[in-house]
Amino acid sequence: MSSLASNKLRAGLTLLGIVIGVTAVITLMAMGRGVQESIRESIESLGSNLLYVTPGLSESGGGAFAFFRNFGGGAGDSEALTMDDAYAMLDTAYAPSVAAVAPEKSPSAVSGQVLARGNETFAEVLGVTPEYEFVRNHPIGSGSFISHGHVLNNSMVAVIGASVAEELFGQRDPIGQTIRLNVESFRVGPGGLGDVLDIGRLFTVIGVLESQEEGIGPFGSADYKVLVPITAVHYRLSIDRTVPGEIRVDTINVQAVDSDSTESAEREITALLRLRHRLTEENDFTVSDQQQTIETLEETTNVLVLFLGSIAGISLLVGGIGIMNIMLVSVTERTREIGIRKSMGAKRRDILLQFVVEASMLSLTGGLVGLALGFGISRVLDGRGDFGPGGEFNMVVTGDVALLAVIVSVAIGLFFGIYPATRAARLHPIDALRYE
């Protein structure tokens with residue numbers, strides 16, 4: 001400690017590399033874990049008895065697709081599912097575990113431009129049925145939700161999210177106001193992308209969703225949605241055409257009777273759709289539940305968290321190299337001291353231990369300071385900023401990350417301190433005493 005204290009500036013600069021590295025690891029990992037936790041809370045807030053039925057995907061991709069499709073990821077190939085498929089699931093003879101269904105359909109491009117009174121914003125545009133309100137837990141804040149009459153008559157009405165209403169109308173009451181939806185629609189055929197068309201239509205606002213401040217980014221939140229009758233999307237905002245009376249859908253949200261019935265509902269839906277689609281081999285649809293979606297997304301976000309941790313780990317590596325450089329300089333400066341100690345009986349392991357302990361002390365001190373700074377920055381950023389679900393940072397600092405960061409910092413001190421310590425221990429006492 002006295003030898004480190006005799007060169008305070010040099011020791012402080014050496015500590016700085018480790019401090020920055022550990023702080024970066026703690027902060028970035030806390031941010032990644034915060035995103036993971038927010039994703040889980042957003043999905044679980046929809047209810048534990050919710051199933052997603054999506055078209056044209058294998059079992060392995062269903063969970064992630066269902067999530068991103070339902071949280072603003074884009075429309076897929078909708079050839080496998082129709083409105084008739086959705087309503088067939090309400091037949092208690094085939095699916096007694098199903099309580100409600102809410103099919104949804106988006107234009108080819110999920111996000112659309114929304115204009116009103118000279119203001120504009122972008123929002124997720126979805127065609128839905130009345131059941132969407134309670135199946136997806138999107139209660140009305142003011143006005144009314146889409147009705148069966150609106151669906152039957154292809155009515156040009158819209159229910160908008162709270163943030164959309166605020167950005168377009170400010171403090172004015174949006175109910176009864178007219179908005180313009182500009183979306184891009186295209187047809188995908190056997191040869192690839194076919195006709196592309198920009199479509200603009202006028203809609204009358206009949207309701208505003210209750211502000212929920214949940215989701216991932218602006219297009220994951222209910223506050224940034226524009227809901228219109230599913231038939232209006234099919235006939236007015238899309239160039240996709242099917243046989244008369246058939247409306248293809250992107251996702252069917254299914255609410256099971258209760259959380260214990262999700263597995264039986266999944267089996268019943270699978271059997272029913274295989275029968276309706278006359279399948280003999282692989283399914284042309286995917287049924288996934290909340291837990292599958294959470295597990296798939298956790299696998300995906302774990303990669304993000306590890307990537308962030310790896311970037312921060314580079315700072316620790318640089319800090320370790322700084323420790324090795326400083327310890328090599330220290331060995332050179334203290335060569336005579338090493339010679340005196342050896343001439344008085346110090347063994348090689350004593351010299352080795354002396355310099356390894358100094359290097360470890362530097363890295364441990366830097367690790368603890370970085371840990372404190374990481375916790376402090378995470379506390380300051382938590383609930384602030386303009387990123388993450390609900391529009392703010394969500395920081396989650398876990399004990400395992402903190403412990404790992406400190407252990408790694410000490411390990412780096414040991415690793416990068418061994419070479420300088422070995423050089424010092426190998427010095428011959430006579431040569432060391434002669435050193436100028």
# chains A, B, ... in the order shown; residues from 1 in each chain; ligands from 1
call {"tool": "residues_around", "arguments": {"residues": "A:Tyr419", "least_positions_apart": "2", "cutoff": "12 Å", "atoms": "only C-alpha atoms", "output": "PyMOL selection string"}}
result
chain A and resi 321+323-328+331+352-353+355-356+359+413-417+421-426
call {"tool": "closest_residue", "arguments": {"among": "A:Asn153, A:Ser378, A:Ser97, A:Leu168", "to": "A:Ser259", "atoms": "only C-alpha atoms"}}
result
A:Ser97
call {"tool": "closest_residue", "arguments": {"among": "A:Leu404, A:Val19, A:Ile430, A:Ala265", "to": "A:Asn49", "atoms": "only C-alpha atoms"}}
result
A:Ala265
call {"tool": "atom_distance", "arguments": {"atom1": "atom CA of A:Gly207", "atom2": "atom CA of A:Val164"}}
result
11.7 Å
call {"tool": "closest_residue", "arguments": {"among": "A:Ala165, A:Ala88, A:Val205, A:Ala116", "to": "A:Pro229", "atoms": "only C-alpha atoms"}}
result
A:Val205
call {"tool": "residues_around", "arguments": {"residues": "A:Glu266", "least_positions_apart": "6", "cutoff": "10 Å", "atoms": "only C-alpha atoms", "output": "list in words"}}
result
Leu51, Tyr52, Val53, Ala95, Ser97, Val98, Val254, Ala256, Leu272, Thr286, Val287, Ser288 and Asp289 of chain A
call {"tool": "write_last_selection", "arguments": {"atoms": "C-alpha atoms", "output": "compact mmCIF listing (two decimals), in the first residue's frame"}}
result
# COMPACT_ATOMS: atom_id res chain seq x y z
CA LEU A 51 -52.46 -17.55 -27.46
CA TYR A 52 -51.24 -16.30 -30.84
CA VAL A 53 -52.07 -18.09 -34.08
CA ALA A 95 -62.59 -25.85 -29.15
CA SER A 97 -61.25 -24.23 -24.10
CA VAL A 98 -61.43 -21.08 -26.25
CA VAL A 254 -57.05 -16.32 -28.79
CA ALA A 256 -58.41 -19.35 -23.36
CA LEU A 272 -59.34 -27.69 -35.82
CA THR A 286 -48.14 -21.73 -35.67
CA VAL A 287 -49.83 -21.61 -32.28
CA SER A 288 -47.74 -20.10 -29.49
CA ASP A 289 -48.52 -19.07 -25.93
call {"tool": "select_by_dssp", "arguments": {"residues": "stretch 183-370 of chain A", "states": "helix (DSSP H, G or I)", "output": "ChimeraX atom specification"}}
result
/A:218-220,222-224,230-236,259-277,290-333,335-343,348-370
call {"tool": "residues_around", "arguments": {"residues": "A:Ala11", "least_positions_apart": "5", "cutoff": "8 Å", "atoms": "only C-alpha atoms", "output": "list in words"}}
result
Leu4, Ala5 and Leu362 of chain A
call {"tool": "residues_around", "arguments": {"residues": "A:Ile26", "least_positions_apart": "2", "cutoff": "7 Å", "atoms": "only C-alpha atoms", "output": "PDB file with N, CA and C atoms, in the first residue's frame"}}
result
ATOM      1  N   VAL A  22     -15.384  -1.506 -15.512  1.00  0.00           N
ATOM      2  CA  VAL A  22     -16.402  -2.079 -14.625  1.00  0.00           C
ATOM      3  C   VAL A  22     -17.683  -1.240 -14.665  1.00  0.00           C
ATOM      4  N   THR A  23     -17.532   0.081 -14.684  1.00  0.00           N
ATOM      5  CA  THR A  23     -18.708   0.954 -14.775  1.00  0.00           C
ATOM      6  C   THR A  23     -19.498   0.666 -16.048  1.00  0.00           C
ATOM      7  N   ALA A  24     -18.768   0.508 -17.174  1.00  0.00           N
ATOM      8  CA  ALA A  24     -19.439   0.221 -18.449  1.00  0.00           C
ATOM      9  C   ALA A  24     -20.159  -1.122 -18.404  1.00  0.00           C
ATOM     10  N   LEU A  28     -24.205  -1.103 -18.873  1.00  0.00           N
ATOM     11  CA  LEU A  28     -24.761  -1.701 -20.087  1.00  0.00           C
ATOM     12  C   LEU A  28     -25.526  -2.986 -19.784  1.00  0.00           C
ATOM     13  N   MET A  29     -25.002  -3.790 -18.867  1.00  0.00           N
ATOM     14  CA  MET A  29     -25.727  -5.004 -18.496  1.00  0.00           C
ATOM     15  C   MET A  29     -27.040  -4.660 -17.792  1.00  0.00           C
ATOM     16  N   ALA A  30     -27.027  -3.609 -16.970  1.00  0.00           N
ATOM     17  CA  ALA A  30     -28.267  -3.174 -16.303  1.00  0.00           C
ATOM     18  C   ALA A  30     -29.290  -2.709 -17.331  1.00  0.00           C
ATOM     19  N   LEU A 371     -17.830  -0.388  -9.528  1.00  0.00           N
ATOM     20  CA  LEU A 371     -19.105  -0.960  -9.090  1.00  0.00           C
ATOM     21  C   LEU A 371     -19.997   0.123  -8.488  1.00  0.00           C
ATOM     22  N   GLY A 374     -21.141   2.366 -11.300  1.00  0.00           N
ATOM     23  CA  GLY A 374     -22.139   1.681 -12.117  1.00  0.00           C
ATOM     24  C   GLY A 374     -23.508   1.685 -11.462  1.00  0.00           C
ATOM     25  N   VAL A 401     -24.286  -9.912 -11.803  1.00  0.00           N
ATOM     26  CA  VAL A 401     -23.492  -9.071 -12.709  1.00  0.00           C
ATOM     27  C   VAL A 401     -22.468  -8.273 -11.912  1.00  0.00           C
ATOM     28  N   ALA A 402     -22.886  -7.706 -10.771  1.00  0.00           N
ATOM     29  CA  ALA A 402     -21.972  -6.931  -9.937  1.00  0.00           C
ATOM     30  C   ALA A 402     -20.821  -7.807  -9.435  1.00  0.00           C
TER      31      ALA A 402
END
call {"tool": "decode", "arguments": {"residues": "stretch 133-161 of chain A", "atoms": "N, CA, C and O atoms", "output": "PDB file, in the first residue's frame"}}
result
ATOM      1  N   GLU A 133     -60.550  -5.374 -27.926  1.00  0.00           N
ATOM      2  CA  GLU A 133     -60.460  -4.486 -26.765  1.00  0.00           C
ATOM      3  C   GLU A 133     -60.138  -5.241 -25.482  1.00  0.00           C
ATOM      4  O   GLU A 133     -59.263  -4.831 -24.715  1.00  0.00           O
ATOM      5  N   PHE A 134     -60.841  -6.365 -25.235  1.00  0.00           N
ATOM      6  CA  PHE A 134     -60.607  -7.077 -23.971  1.00  0.00           C
ATOM      7  C   PHE A 134     -59.640  -8.244 -24.123  1.00  0.00           C
ATOM      8  O   PHE A 134     -58.973  -8.620 -23.165  1.00  0.00           O
ATOM      9  N   VAL A 135     -59.542  -8.825 -25.329  1.00  0.00           N
ATOM     10  CA  VAL A 135     -58.592  -9.923 -25.513  1.00  0.00           C
ATOM     11  C   VAL A 135     -57.158  -9.413 -25.376  1.00  0.00           C
ATOM     12  O   VAL A 135     -56.308 -10.044 -24.751  1.00  0.00           O
ATOM     13  N   ARG A 136     -56.870  -8.235 -25.960  1.00  0.00           N
ATOM     14  CA  ARG A 136     -55.532  -7.666 -25.878  1.00  0.00           C
ATOM     15  C   ARG A 136     -55.393  -6.611 -24.781  1.00  0.00           C
ATOM     16  O   ARG A 136     -54.355  -5.938 -24.697  1.00  0.00           O
ATOM     17  N   ASN A 137     -56.421  -6.462 -23.959  1.00  0.00           N
ATOM     18  CA  ASN A 137     -56.367  -5.559 -22.814  1.00  0.00           C
ATOM     19  C   ASN A 137     -56.051  -4.123 -23.232  1.00  0.00           C
ATOM     20  O   ASN A 137     -55.112  -3.500 -22.742  1.00  0.00           O
ATOM     21  N   HIS A 138     -56.850  -3.600 -24.166  1.00  0.00           N
ATOM     22  CA  HIS A 138     -56.721  -2.218 -24.618  1.00  0.00           C
ATOM     23  C   HIS A 138     -58.016  -1.468 -24.294  1.00  0.00           C
ATOM     24  O   HIS A 138     -58.852  -1.229 -25.163  1.00  0.00           O
ATOM     25  N   PRO A 139     -58.233  -1.095 -23.041  1.00  0.00           N
ATOM     26  CA  PRO A 139     -59.498  -0.436 -22.674  1.00  0.00           C
ATOM     27  C   PRO A 139     -59.611   0.967 -23.257  1.00  0.00           C
ATOM     28  O   PRO A 139     -58.612   1.632 -23.530  1.00  0.00           O
ATOM     29  N   ILE A 140     -60.848   1.388 -23.439  1.00  0.00           N
ATOM     30  CA  ILE A 140     -61.139   2.707 -23.979  1.00  0.00           C
ATOM     31  C   ILE A 140     -61.043   3.764 -22.878  1.00  0.00           C
ATOM     32  O   ILE A 140     -61.545   3.571 -21.774  1.00  0.00           O
ATOM     33  N   GLY A 141     -60.362   4.872 -23.191  1.00  0.00           N
ATOM     34  CA  GLY A 141     -60.293   5.982 -22.250  1.00  0.00           C
ATOM     35  C   GLY A 141     -61.441   6.946 -22.426  1.00  0.00           C
ATOM     36  O   GLY A 141     -61.988   7.457 -21.456  1.00  0.00           O
ATOM     37  N   SER A 142     -61.804   7.227 -23.677  1.00  0.00           N
ATOM     38  CA  SER A 142     -62.940   8.098 -23.966  1.00  0.00           C
ATOM     39  C   SER A 142     -63.540   7.682 -25.299  1.00  0.00           C
ATOM     40  O   SER A 142     -62.865   7.088 -26.142  1.00  0.00           O
ATOM     41  N   GLY A 143     -64.817   7.980 -25.496  1.00  0.00           N
ATOM     42  CA  GLY A 143     -65.486   7.568 -26.717  1.00  0.00           C
ATOM     43  C   GLY A 143     -65.905   6.118 -26.660  1.00  0.00           C
ATOM     44  O   GLY A 143     -66.223   5.584 -25.591  1.00  0.00           O
ATOM     45  N   SER A 144     -65.887   5.448 -27.795  1.00  0.00           N
ATOM     46  CA  SER A 144     -66.313   4.053 -27.869  1.00  0.00           C
ATOM     47  C   SER A 144     -65.366   3.257 -28.740  1.00  0.00           C
ATOM     48  O   SER A 144     -64.592   3.817 -29.529  1.00  0.00           O
ATOM     49  N   PHE A 145     -65.420   1.926 -28.588  1.00  0.00           N
ATOM     50  CA  PHE A 145     -64.561   1.047 -29.379  1.00  0.00           C
ATOM     51  C   PHE A 145     -65.294   0.662 -30.665  1.00  0.00           C
ATOM     52  O   PHE A 145     -66.471   0.952 -30.861  1.00  0.00           O
ATOM     53  N   ILE A 146     -64.585   0.000 -31.550  1.00  0.00           N
ATOM     54  CA  ILE A 146     -65.157  -0.480 -32.810  1.00  0.00           C
ATOM     55  C   ILE A 146     -66.237  -1.517 -32.509  1.00  0.00           C
ATOM     56  O   ILE A 146     -66.048  -2.398 -31.657  1.00  0.00           O
ATOM     57  N   SER A 147     -67.374  -1.440 -33.203  1.00  0.00           N
ATOM     58  CA  SER A 147     -68.500  -2.345 -32.970  1.00  0.00           C
ATOM     59  C   SER A 147     -68.633  -3.342 -34.122  1.00  0.00           C
ATOM     60  O   SER A 147     -67.985  -3.213 -35.162  1.00  0.00           O
ATOM     61  N   HIS A 148     -69.503  -4.337 -33.913  1.00  0.00           N
ATOM     62  CA  HIS A 148     -69.755  -5.310 -34.982  1.00  0.00           C
ATOM     63  C   HIS A 148     -70.378  -4.633 -36.197  1.00  0.00           C
ATOM     64  O   HIS A 148     -70.129  -5.026 -37.339  1.00  0.00           O
ATOM     65  N   GLY A 149     -71.190  -3.595 -35.957  1.00  0.00           N
ATOM     66  CA  GLY A 149     -71.780  -2.857 -37.072  1.00  0.00           C
ATOM     67  C   GLY A 149     -70.726  -2.188 -37.926  1.00  0.00           C
ATOM     68  O   GLY A 149     -70.823  -2.167 -39.162  1.00  0.00           O
ATOM     69  N   HIS A 150     -69.664  -1.644 -37.272  1.00  0.00           N
ATOM     70  CA  HIS A 150     -68.579  -1.021 -38.019  1.00  0.00           C
ATOM     71  C   HIS A 150     -67.866  -2.042 -38.895  1.00  0.00           C
ATOM     72  O   HIS A 150     -67.466  -1.748 -40.026  1.00  0.00           O
ATOM     73  N   VAL A 151     -67.695  -3.259 -38.368  1.00  0.00           N
ATOM     74  CA  VAL A 151     -67.015  -4.308 -39.134  1.00  0.00           C
ATOM     75  C   VAL A 151     -67.877  -4.747 -40.321  1.00  0.00           C
ATOM     76  O   VAL A 151     -67.383  -4.898 -41.448  1.00  0.00           O
ATOM     77  N   LEU A 152     -69.160  -4.940 -40.086  1.00  0.00           N
ATOM     78  CA  LEU A 152     -70.058  -5.391 -41.149  1.00  0.00           C
ATOM     79  C   LEU A 152     -70.179  -4.361 -42.270  1.00  0.00           C
ATOM     80  O   LEU A 152     -70.272  -4.711 -43.449  1.00  0.00           O
ATOM     81  N   ASN A 153     -70.143  -3.076 -41.916  1.00  0.00           N
ATOM     82  CA  ASN A 153     -70.354  -2.016 -42.899  1.00  0.00           C
ATOM     83  C   ASN A 153     -69.064  -1.413 -43.447  1.00  0.00           C
ATOM     84  O   ASN A 153     -69.127  -0.412 -44.179  1.00  0.00           O
ATOM     85  N   ASN A 154     -67.919  -2.008 -43.103  1.00  0.00           N
ATOM     86  CA  ASN A 154     -66.617  -1.472 -43.545  1.00  0.00           C
ATOM     87  C   ASN A 154     -66.499   0.014 -43.194  1.00  0.00           C
ATOM     88  O   ASN A 154     -66.023   0.823 -43.999  1.00  0.00           O
ATOM     89  N   SER A 155     -66.948   0.391 -42.019  1.00  0.00           N
ATOM     90  CA  SER A 155     -67.023   1.804 -41.640  1.00  0.00           C
ATOM     91  C   SER A 155     -65.632   2.425 -41.541  1.00  0.00           C
ATOM     92  O   SER A 155     -64.673   1.793 -41.081  1.00  0.00           O
ATOM     93  N   MET A 156     -65.549   3.693 -41.953  1.00  0.00           N
ATOM     94  CA  MET A 156     -64.283   4.428 -41.919  1.00  0.00           C
ATOM     95  C   MET A 156     -64.171   5.158 -40.579  1.00  0.00           C
ATOM     96  O   MET A 156     -64.223   6.393 -40.498  1.00  0.00           O
ATOM     97  N   VAL A 157     -64.043   4.366 -39.525  1.00  0.00           N
ATOM     98  CA  VAL A 157     -63.902   4.914 -38.176  1.00  0.00           C
ATOM     99  C   VAL A 157     -62.595   4.407 -37.576  1.00  0.00           C
ATOM    100  O   VAL A 157     -62.040   3.394 -38.016  1.00  0.00           O
ATOM    101  N   ALA A 158     -62.099   5.116 -36.567  1.00  0.00           N
ATOM    102  CA  ALA A 158     -60.812   4.755 -35.975  1.00  0.00           C
ATOM    103  C   ALA A 158     -60.812   5.007 -34.480  1.00  0.00           C
ATOM    104  O   ALA A 158     -61.453   5.945 -33.987  1.00  0.00           O
ATOM    105  N   VAL A 159     -60.097   4.144 -33.774  1.00  0.00           N
ATOM    106  CA  VAL A 159     -59.794   4.338 -32.353  1.00  0.00           C
ATOM    107  C   VAL A 159     -58.293   4.576 -32.266  1.00  0.00           C
ATOM    108  O   VAL A 159     -57.503   3.778 -32.777  1.00  0.00           O
ATOM    109  N   ILE A 160     -57.881   5.665 -31.649  1.00  0.00           N
ATOM    110  CA  ILE A 160     -56.466   6.038 -31.647  1.00  0.00           C
ATOM    111  C   ILE A 160     -55.881   5.945 -30.239  1.00  0.00           C
ATOM    112  O   ILE A 160     -56.594   6.032 -29.239  1.00  0.00           O
ATOM    113  N   GLY A 161     -54.555   5.755 -30.181  1.00  0.00           N
ATOM    114  CA  GLY A 161     -53.856   5.704 -28.905  1.00  0.00           C
ATOM    115  C   GLY A 161     -53.747   7.078 -28.277  1.00  0.00           C
ATOM    116  O   GLY A 161     -53.881   8.115 -28.944  1.00  0.00           O
TER     117      GLY A 161
END
